[in-house]
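Take a look at the structure set out below.
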Amino acid sequence: MKKQLVYMLESHGGVRDHVESVLKNAGMDFEGFDTPKAFREAVKIKQPDMVLLALMLTEEDGISVLRWLRRQHTTDMIPVIILSARSSEYDKVEGLDAGADDYITKPFGNMELVSRIRAVLRRTAGCKNCAAEKKHRDYFARGLRFSPDRHQLICGDREVAISQKEFDLLCMFFENPGFALSRDKLLRGVWGYEFDGESRTVDVHINGLRQKLAGTGAVIETVRGCGYKLTIE
């Protein structure tokens, strides 16, 4: 069986060495990088199965590196876990909203790290398969055109810029038109089972989407006592 390759971008050599030892003992391949430049060059040559990303780096911050990964067509589906000493809810939401699949605060346990890496790999493997099956399919609803393969949302005659989490929410809504999706289901589908934030996170992102869609924002309806649904007619 092919070993899973994990890249880690972390400026602290001691942390990289420790994680390398943990992951190799768990049967994974590992490559560590201390600068975003070295990391970008390596990704262009060979793509990993997973990226572990620190936020405090030399040259630039981890969020900008994450956004770079999500903008590239060849790397936008690579799962990313942020490892950071920043533990506030704001930092976690910012990282997840920028496209991270999980957020682990330092210090972390070795067993927890390996377990959460494997959980994200299992979950994102399903997402990749689903995305491949639905490639080139466009969705329509009340003046909206959503193109998942192009990561594009058109509202009327204008393109709407959306974050990775807003994109993931729209995927769930357009794949389940007319069905009420609970906040818990949306949290599990978009943020994953390991997300330990509040269900209010869903409401914040839905409100943000509605504001971006302006007059067509009502296409995402609130289902009292449950969650939200997409109305296509």
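As shown in the structure tokens, the chain order sets the letters A, B, ...; within each chain, residues go from 1, and ligands are also counted from 1 in the order they appear.
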
Handout entry: Close residues, stretch 136-148 of chain A itself excluded, 9 Å, only C-alpha atoms, min 2 positions apart in chain, as a VMD selection string
Key = chain A and resid 131 134 150 to 157 167 170 to 171 174 to 175 213 216 219 230 to 233

Store the residues picked out above in a file with C-alpha atoms, as a compact mmCIF listing (two decimals), in the first residue's frame.
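selection10.txt, written as the output of this step:
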```
# COMPACT_ATOMS: atom_id res chain seq x y z
CA ALA A 131 -16.04 16.27 -7.11
CA LYS A 134 -19.72 16.02 -10.78
CA ARG A 150 -14.61 26.42 -11.85
CA HIS A 151 -15.20 27.47 -8.24
CA GLN A 152 -17.50 30.13 -9.65
CA LEU A 153 -20.79 31.70 -8.56
CA ILE A 154 -22.65 33.98 -10.97
CA CYS A 155 -25.48 36.16 -9.64
CA GLY A 156 -27.38 37.76 -12.52
CA ASP A 157 -24.62 39.20 -14.70
CA PHE A 167 -18.19 27.27 -1.61
CA LEU A 170 -23.19 26.00 -1.63
CA CYS A 171 -22.12 22.51 -2.73
CA PHE A 174 -27.17 22.64 -4.53
CA GLU A 175 -26.69 18.90 -4.08
CA LEU A 213 -26.12 37.63 -3.12
CA THR A 216 -31.23 36.80 -4.52
CA VAL A 219 -32.79 31.63 -2.19
CA LEU A 230 -32.05 26.08 -0.92
CA THR A 231 -35.20 27.00 -2.83
CA ILE A 232 -34.69 26.63 -6.58
CA GLU A 233 -38.13 27.72 -7.81
```

Exercise for the section: List every residue of stretch 3-233 of chain A that DSSP, applied to the backbone of this structure, assigns to helix (DSSP H, G or I), and report them as an MDAnalysis selection string. Expected result: chainID A and resid 13:25 36:45 62:71 89:97 110:133 148:150 164:175 183:191 200:219

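Atom CA of A:Pro79 to atom CA of A:Met50 spans 5.2 Å [interatomic distance, one decimal].
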
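Minimum atom-to-atom distances from A:Ala54, A:Ile206, A:Ala38, A:Ile78 to A:His12 were compared using only C-alpha atoms, and the lowest value belongs to A:Ala54.
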
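Considering the residues A:Ala161, A:Gly208, A:Lys44, A:Lys185 and counting only C-alpha atoms, A:His73 has its shortest atom-to-atom contact with A:Lys44.
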
Practice task
Assign secondary structure with DSSP using the backbone only, and return the residues of stretch 16-223 of chain A in strand (DSSP E or B) as a ChimeraX atom specification.
Solution key: /A:29-33,50-53,80-84,102-105,139-141,144-147,152-155,158-160,181-182,220-223

With C-alpha atoms retained, write the just-selected residues as a CSV table (one decimal), in the first residue's frame.
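Generated file (again33.csv):
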```
chain,number,residue,atom,x,y,z
A,29,ASP,CA,6.0,9.8,4.5
A,30,PHE,CA,7.0,13.3,5.6
A,31,GLU,CA,8.7,16.4,4.1
A,32,GLY,CA,9.2,19.6,6.1
A,33,PHE,CA,9.8,23.1,4.9
A,50,MET,CA,-1.9,16.4,3.2
A,51,VAL,CA,-0.4,19.7,4.3
A,52,LEU,CA,0.2,20.7,7.9
A,53,LEU,CA,0.5,24.5,8.0
A,80,VAL,CA,-4.9,21.2,5.0
A,81,ILE,CA,-4.7,21.2,8.8
A,82,ILE,CA,-3.5,24.3,10.6
A,83,LEU,CA,-1.2,23.8,13.6
A,84,SER,CA,-1.1,26.9,15.6
A,102,ASP,CA,-9.1,21.2,10.5
A,103,TYR,CA,-7.5,23.4,13.1
A,104,ILE,CA,-5.3,22.0,15.9
A,105,THR,CA,-3.9,24.1,18.6
A,139,TYR,CA,-26.4,24.3,-11.0
A,140,PHE,CA,-29.1,27.0,-11.4
A,141,ALA,CA,-31.5,28.6,-8.9
A,144,LEU,CA,-27.8,32.0,-9.8
A,145,ARG,CA,-25.4,29.8,-11.6
A,146,PHE,CA,-23.0,27.8,-9.5
A,147,SER,CA,-20.1,26.0,-11.3
A,152,GLN,CA,-17.5,30.1,-9.7
A,153,LEU,CA,-20.8,31.7,-8.6
A,154,ILE,CA,-22.7,34.0,-11.0
A,155,CYS,CA,-25.5,36.2,-9.6
A,158,ARG,CA,-21.9,39.5,-12.0
A,159,GLU,CA,-19.5,37.0,-10.5
A,160,VAL,CA,-19.5,36.8,-6.7
A,181,LEU,CA,-30.3,20.8,6.2
A,182,SER,CA,-29.8,21.1,10.0
A,220,ILE,CA,-31.3,30.3,1.0
A,221,GLU,CA,-34.3,30.0,3.4
A,222,THR,CA,-34.2,29.7,7.1
A,223,VAL,CA,-36.1,26.6,8.3
```

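Among the candidates A:Thr58, A:Thr124, A:Thr74, A:Gln211, the residue lying nearest to A:Thr35 is A:Thr58 (atoms considered: only C-alpha atoms).
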
Practice task
Tell me, as a ChimeraX atom specification, which residues lie within 7 Å of A:Gly99, counting only C-alpha atoms; anything in the same chain fewer than 3 positions away does not count.
Solution key: /A:66,70,95-96,164-165

Handout entry: Residue contacts of A:Val120 (8 Å, only C-alpha atoms) excluding same-chain residues fewer than 2 positions away, as a ChimeraX atom specification
Key = /A:79,101-102,116-118,122-124,192

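Between atom CA of A:Arg188 and atom CA of A:Arg67 the separation is 22.0 Å.
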
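Picture a line from atom CA of A:Leu9 to atom CA of A:Met28; it runs 16.3 Å.
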
Problem - Within 9 Å of A:Pro48 using only C-alpha atoms, minus same-chain residues under 5 positions, as a list in words - result: Gln4, Leu5, Val6, Tyr7, Val43 and Ile78 of chain A

Completion exercise
If you count only C-alpha atoms, the residue of A:Phe39, A:Tyr90, A:Phe108, A:Trp191 closest to A:Val22 turns out to be A:Phe108
